[in-house]
Amino acid sequence: MKKIILLAIAIFLLFSPLSLNAQGGEEVVEEATFKARVIEILESKKTTREDGSISIQQKIKLRGLEDEWKDKEIIFDGTQHDVISSPEYKEGYKVLVNSSLGMDGEENYYIIGYQRTGSIYWLALIFALVVIVIGRLKGLRALVVLLLTFFIILKFIIPEILDGGNPLLISIIGSLFILVLSIYITEGIKKSSTIAIISVLISLVVTGVISVWFTTLTKLTGFASDEAMYLVGLAGGNVNIKGLLLAGIIIGALGVLDDVVVSQVSLVKELKEANPKLPKRLVYSQAMRVGISHLSSMVNTLFLAYAGAALPLLILFSIKEPPFFSFHQVINNEIIATEIVRSLTGSIGLVLAVPIATLLAVHFVKSKE
């Protein structure tokens with residue numbers, strides 16, 4: 001356990017100099033966001049749009065809850081604009097407010113949305129308690145790994161990509177660190193853990209190669225989403241958007257590969273312990289039977305995860321409004337094609353991970369470590 005803690009500290013010290021603030025220096029801030037509470041609804045009206053949807057427009061008195069706006073009463077007038085996603089606010093609600101300076105130097109206020117951090121923190125606490133109660137020490141280790149994963153993504157992968165690094169290479173390096181930490185901390189530093197890491201790494205490289213190949217064949221640009229266009233506007237030419245798409249595929253596949261590979265290596269180890277005299281060929285065949293059963297459900301899980309994330313988009317295309325009249329037109333749209341390539345390349349890596357992990361475990365994992 002001491003070695004694991006030292007390894008985690010080493011990773012922390014290695015990446016701690018990196019910062020999300022890639023710009024450096026201080027800038028004059030003309031916009032700010034702060035928390036406020038709704039204390040009075042001054043005006044509220046509902047109108048029906050031409051498409052049948054309801055427009056909610058409100059004029060609201062707010063009281064600031066932090067910083068220079070604490071206890072300051074401000075007015076937000078939302079009756080002058082029709083916002084599609086505007087919710088109906090009520091007295092007592094906590095909201096996030098954007099403050100900006102107008103052309104005449106006057107401060108303008110706009111409600112961004114609800115203040116949700118309190119509820120999210122409670123949900124995170126419940127999640128942590130459930131994991132620790134059920135998983136005990138291993139559950140606690142899993143939470144440590146989760147925090148370190150966030151740290152590596154936020155302090156290494158994202159800053160390096162923003163600085164103009166190759167997103168695919170950066171994501172593979174970051175995934176390797178995440179992989180080493182997650183498996184060694186949760187499973188312990190032993191031979192079977194090393195075999196699992198090697199198996200996942202091989203599968204990730206295969207997934208990366210296939211992703212590069214098919215994003216080139218399908219001519220995906222990475223600009224299918226509004227977020228990509230917005231990022232280009234903010235970061236200029238520093239970010240390789242196509243590389244960012246590939247990086248997302250790698251990171252998305254990592255978690256599923258980790259699960260499948262660790263299960264297969266553990267299964268082989270258990271089979272060897274149950275019958276040390278069992279020939280390697282039989283160990284492989286028995287482990288593969290279980291792995292294939294696990295694999296079929298995991299492939300479906302991967303597809304459902306992508307379909308769930310893109311469900312509103314799929315519903316939009318199913319309406320068959322121009323230019324999406326046929327299946328051929330739908331799959332040729334870059335947004336849909338991107339999700340297809342993302343899910344299929346991840347699934348190929350997942351399928352190949354099972355025989356790779358099983359074969360390595362059969363030959364190198366011993367019944368007792």
# chains A, B, ... in the order shown; residues from 1 in each chain; ligands from 1

$ residues_around --residues "range 248-260 of chain A" --least-positions-apart "6" --cutoff "7 Å" --atoms "only C-alpha atoms" --output "MDAnalysis selection string"
chainID A and resid 171 175 200 204 208 342 346 350 353:354

$ write_last_selection --atoms "N, CA and C atoms" --output "tab-separated table (two decimals), in the first residue's frame"
chain	number	residue	atom	x	y	z
A	171	SER	N	-3.77	12.00	-25.44
A	171	SER	CA	-4.81	11.16	-24.83
A	171	SER	C	-4.29	9.76	-24.52
A	175	SER	N	-4.08	8.40	-20.89
A	175	SER	CA	-4.79	7.15	-20.62
A	175	SER	C	-3.87	6.13	-19.97
A	200	VAL	N	-4.75	-3.76	-21.93
A	200	VAL	CA	-5.55	-2.56	-22.23
A	200	VAL	C	-4.77	-1.63	-23.15
A	204	LEU	N	-5.91	-0.27	-26.67
A	204	LEU	CA	-6.05	1.16	-26.92
A	204	LEU	C	-5.30	1.59	-28.19
A	208	GLY	N	-6.89	3.19	-31.43
A	208	GLY	CA	-6.40	4.44	-31.98
A	208	GLY	C	-6.08	4.34	-33.46
A	342	ARG	N	-17.32	6.44	-33.83
A	342	ARG	CA	-16.89	6.42	-32.42
A	342	ARG	C	-17.30	5.10	-31.75
A	346	GLY	N	-14.63	1.88	-30.98
A	346	GLY	CA	-14.52	1.50	-29.56
A	346	GLY	C	-14.92	0.05	-29.34
A	350	LEU	N	-12.80	-3.17	-27.97
A	350	LEU	CA	-13.35	-3.95	-26.87
A	350	LEU	C	-13.36	-5.44	-27.19
A	353	ALA	N	-9.90	-6.89	-27.14
A	353	ALA	CA	-9.28	-6.90	-25.81
A	353	ALA	C	-9.49	-8.24	-25.10
A	354	VAL	N	-10.60	-8.90	-25.36
A	354	VAL	CA	-10.90	-10.16	-24.66
A	354	VAL	C	-9.89	-11.26	-25.01

$ residues_around --residues "Pro279 in chain A" --least-positions-apart "5" --cutoff "10 Å" --atoms "only C-alpha atoms" --output "PDB file with N, CA and C atoms, in the first residue's frame"
ATOM      1  N   LYS A 272      -6.951 -21.020 -12.793  1.00  0.00           N
ATOM      2  CA  LYS A 272      -5.673 -21.672 -12.500  1.00  0.00           C
ATOM      3  C   LYS A 272      -5.569 -22.074 -11.034  1.00  0.00           C
ATOM      4  N   TYR A 284      -7.743 -21.301 -21.555  1.00  0.00           N
ATOM      5  CA  TYR A 284      -8.071 -20.270 -22.536  1.00  0.00           C
ATOM      6  C   TYR A 284      -9.496 -20.424 -23.051  1.00  0.00           C
ATOM      7  N   VAL A 362      -3.198 -16.326 -19.669  1.00  0.00           N
ATOM      8  CA  VAL A 362      -2.979 -17.778 -19.672  1.00  0.00           C
ATOM      9  C   VAL A 362      -1.489 -18.101 -19.653  1.00  0.00           C
TER      10      VAL A 362
END

$ residues_around --residues "range 135-146 of chain A" --least-positions-apart "3" --cutoff "6 Å" --atoms "only C-alpha atoms" --output "ChimeraX atom specification"
/A:131-132,149,182,186

$ write_last_selection --atoms "C-alpha atoms" --output "short mmCIF file (atom, residue, chain, number, x, y, z; two decimals), in the first residue's frame"
data_model
loop_
_atom_site.label_atom_id
_atom_site.label_comp_id
_atom_site.auth_asym_id
_atom_site.auth_seq_id
_atom_site.Cartn_x
_atom_site.Cartn_y
_atom_site.Cartn_z
CA VAL A 131 -19.29 2.89 -3.08
CA ILE A 132 -17.47 2.76 0.27
CA THR A 149 -8.43 10.51 -13.23
CA SER A 182 -6.52 2.67 -11.64
CA THR A 186 -7.57 -1.02 -7.07
#

$ atom_distance --atom1 "CA of Ala337 in chain A" --atom2 "CA of Ile161 in chain A"
23.9 Å

$ select_by_dssp --residues "range 86-316 of chain A" --states "helix (DSSP H, G or I)" --output "ChimeraX atom specification"
/A:117-162,167-187,191-217,226-238,241-274,280-309,311-316

$ residues_around --residues "Ser100 in chain A" --least-positions-apart "4" --cutoff "8 Å" --atoms "only C-alpha atoms" --output "list of chain:residue names"
A:Glu30, A:Glu31, A:Ala32, A:Glu107, A:Asn108, A:Tyr109

$ closest_residue --among "A:Thr194, A:Thr358, A:Ser293, A:Thr207" --to "Val261 in chain A" --atoms "only C-alpha atoms"
A:Thr358

$ decode --residues "range 145-221 of chain A" --atoms "C-alpha atoms" --output "PDB file, in the first residue's frame"
ATOM      1  CA  VAL A 145      -8.628   6.564  -8.697  1.00  0.00           C
ATOM      2  CA  LEU A 146     -11.640   8.604  -9.828  1.00  0.00           C
ATOM      3  CA  LEU A 147     -10.180  11.773  -8.295  1.00  0.00           C
ATOM      4  CA  LEU A 148      -6.770  11.114  -9.849  1.00  0.00           C
ATOM      5  CA  THR A 149      -8.432  10.505 -13.229  1.00  0.00           C
ATOM      6  CA  PHE A 150     -10.129  13.908 -13.031  1.00  0.00           C
ATOM      7  CA  PHE A 151      -6.803  15.434 -12.029  1.00  0.00           C
ATOM      8  CA  ILE A 152      -4.923  13.942 -15.000  1.00  0.00           C
ATOM      9  CA  ILE A 153      -7.628  14.992 -17.483  1.00  0.00           C
ATOM     10  CA  LEU A 154      -7.884  18.538 -16.111  1.00  0.00           C
ATOM     11  CA  LYS A 155      -4.209  19.175 -15.377  1.00  0.00           C
ATOM     12  CA  PHE A 156      -2.478  17.265 -18.155  1.00  0.00           C
ATOM     13  CA  ILE A 157      -4.666  16.244 -21.107  1.00  0.00           C
ATOM     14  CA  ILE A 158      -6.700  19.449 -21.481  1.00  0.00           C
ATOM     15  CA  PRO A 159      -3.817  21.953 -20.965  1.00  0.00           C
ATOM     16  CA  GLU A 160      -1.539  20.053 -23.346  1.00  0.00           C
ATOM     17  CA  ILE A 161      -4.240  20.006 -26.045  1.00  0.00           C
ATOM     18  CA  LEU A 162      -4.886  23.733 -25.532  1.00  0.00           C
ATOM     19  CA  ASP A 163      -1.150  24.365 -25.918  1.00  0.00           C
ATOM     20  CA  GLY A 164      -1.271  22.805 -29.375  1.00  0.00           C
ATOM     21  CA  GLY A 165      -0.149  19.259 -28.536  1.00  0.00           C
ATOM     22  CA  ASN A 166      -1.249  16.264 -30.611  1.00  0.00           C
ATOM     23  CA  PRO A 167      -4.599  15.295 -29.017  1.00  0.00           C
ATOM     24  CA  LEU A 168      -4.301  11.611 -29.969  1.00  0.00           C
ATOM     25  CA  LEU A 169      -0.784  11.252 -28.548  1.00  0.00           C
ATOM     26  CA  ILE A 170      -1.677  13.254 -25.438  1.00  0.00           C
ATOM     27  CA  SER A 171      -4.807  11.157 -24.829  1.00  0.00           C
ATOM     28  CA  ILE A 172      -2.857   7.896 -25.129  1.00  0.00           C
ATOM     29  CA  ILE A 173      -0.175   9.129 -22.696  1.00  0.00           C
ATOM     30  CA  GLY A 174      -2.846  10.396 -20.286  1.00  0.00           C
ATOM     31  CA  SER A 175      -4.788   7.149 -20.622  1.00  0.00           C
ATOM     32  CA  LEU A 176      -1.631   5.205 -19.773  1.00  0.00           C
ATOM     33  CA  PHE A 177      -1.212   7.150 -16.517  1.00  0.00           C
ATOM     34  CA  ILE A 178      -4.913   6.695 -15.688  1.00  0.00           C
ATOM     35  CA  LEU A 179      -4.636   2.999 -16.515  1.00  0.00           C
ATOM     36  CA  VAL A 180      -1.559   2.403 -14.353  1.00  0.00           C
ATOM     37  CA  LEU A 181      -3.065   4.246 -11.403  1.00  0.00           C
ATOM     38  CA  SER A 182      -6.521   2.670 -11.638  1.00  0.00           C
ATOM     39  CA  ILE A 183      -5.362  -0.937 -11.921  1.00  0.00           C
ATOM     40  CA  TYR A 184      -2.415  -0.804  -9.503  1.00  0.00           C
ATOM     41  CA  ILE A 185      -4.389   1.080  -6.835  1.00  0.00           C
ATOM     42  CA  THR A 186      -7.568  -1.015  -7.068  1.00  0.00           C
ATOM     43  CA  GLU A 187      -6.019  -4.416  -7.824  1.00  0.00           C
ATOM     44  CA  GLY A 188      -2.591  -4.041  -6.186  1.00  0.00           C
ATOM     45  CA  ILE A 189       0.912  -4.118  -7.641  1.00  0.00           C
ATOM     46  CA  LYS A 190       1.234  -7.672  -8.905  1.00  0.00           C
ATOM     47  CA  LYS A 191       1.857  -9.604 -12.092  1.00  0.00           C
ATOM     48  CA  SER A 192      -1.816  -9.989 -13.034  1.00  0.00           C
ATOM     49  CA  SER A 193      -2.251  -6.214 -12.764  1.00  0.00           C
ATOM     50  CA  THR A 194       0.703  -5.639 -15.083  1.00  0.00           C
ATOM     51  CA  ILE A 195      -0.751  -8.105 -17.604  1.00  0.00           C
ATOM     52  CA  ALA A 196      -4.068  -6.230 -17.455  1.00  0.00           C
ATOM     53  CA  ILE A 197      -2.312  -2.890 -18.099  1.00  0.00           C
ATOM     54  CA  ILE A 198      -0.401  -4.292 -21.081  1.00  0.00           C
ATOM     55  CA  SER A 199      -3.593  -5.820 -22.502  1.00  0.00           C
ATOM     56  CA  VAL A 200      -5.547  -2.560 -22.229  1.00  0.00           C
ATOM     57  CA  LEU A 201      -2.657  -0.585 -23.706  1.00  0.00           C
ATOM     58  CA  ILE A 202      -2.452  -2.907 -26.736  1.00  0.00           C
ATOM     59  CA  SER A 203      -6.213  -2.639 -27.216  1.00  0.00           C
ATOM     60  CA  LEU A 204      -6.047   1.164 -26.920  1.00  0.00           C
ATOM     61  CA  VAL A 205      -3.328   1.377 -29.573  1.00  0.00           C
ATOM     62  CA  VAL A 206      -5.397  -0.845 -31.899  1.00  0.00           C
ATOM     63  CA  THR A 207      -8.453   1.327 -31.245  1.00  0.00           C
ATOM     64  CA  GLY A 208      -6.396   4.441 -31.976  1.00  0.00           C
ATOM     65  CA  VAL A 209      -5.080   3.049 -35.279  1.00  0.00           C
ATOM     66  CA  ILE A 210      -8.571   2.005 -36.402  1.00  0.00           C
ATOM     67  CA  SER A 211      -9.965   5.391 -35.354  1.00  0.00           C
ATOM     68  CA  VAL A 212      -7.347   7.267 -37.411  1.00  0.00           C
ATOM     69  CA  TRP A 213      -7.977   4.988 -40.374  1.00  0.00           C
ATOM     70  CA  PHE A 214     -11.760   5.299 -40.422  1.00  0.00           C
ATOM     71  CA  THR A 215     -11.969   8.994 -39.572  1.00  0.00           C
ATOM     72  CA  THR A 216      -9.773   9.479 -42.648  1.00  0.00           C
ATOM     73  CA  LEU A 217     -11.862   7.131 -44.824  1.00  0.00           C
ATOM     74  CA  THR A 218     -15.121   8.760 -43.743  1.00  0.00           C
ATOM     75  CA  LYS A 219     -13.537  12.226 -43.986  1.00  0.00           C
ATOM     76  CA  LEU A 220     -14.682  13.312 -40.540  1.00  0.00           C
ATOM     77  CA  THR A 221     -13.504  16.810 -39.658  1.00  0.00           C
TER      78      THR A 221
END
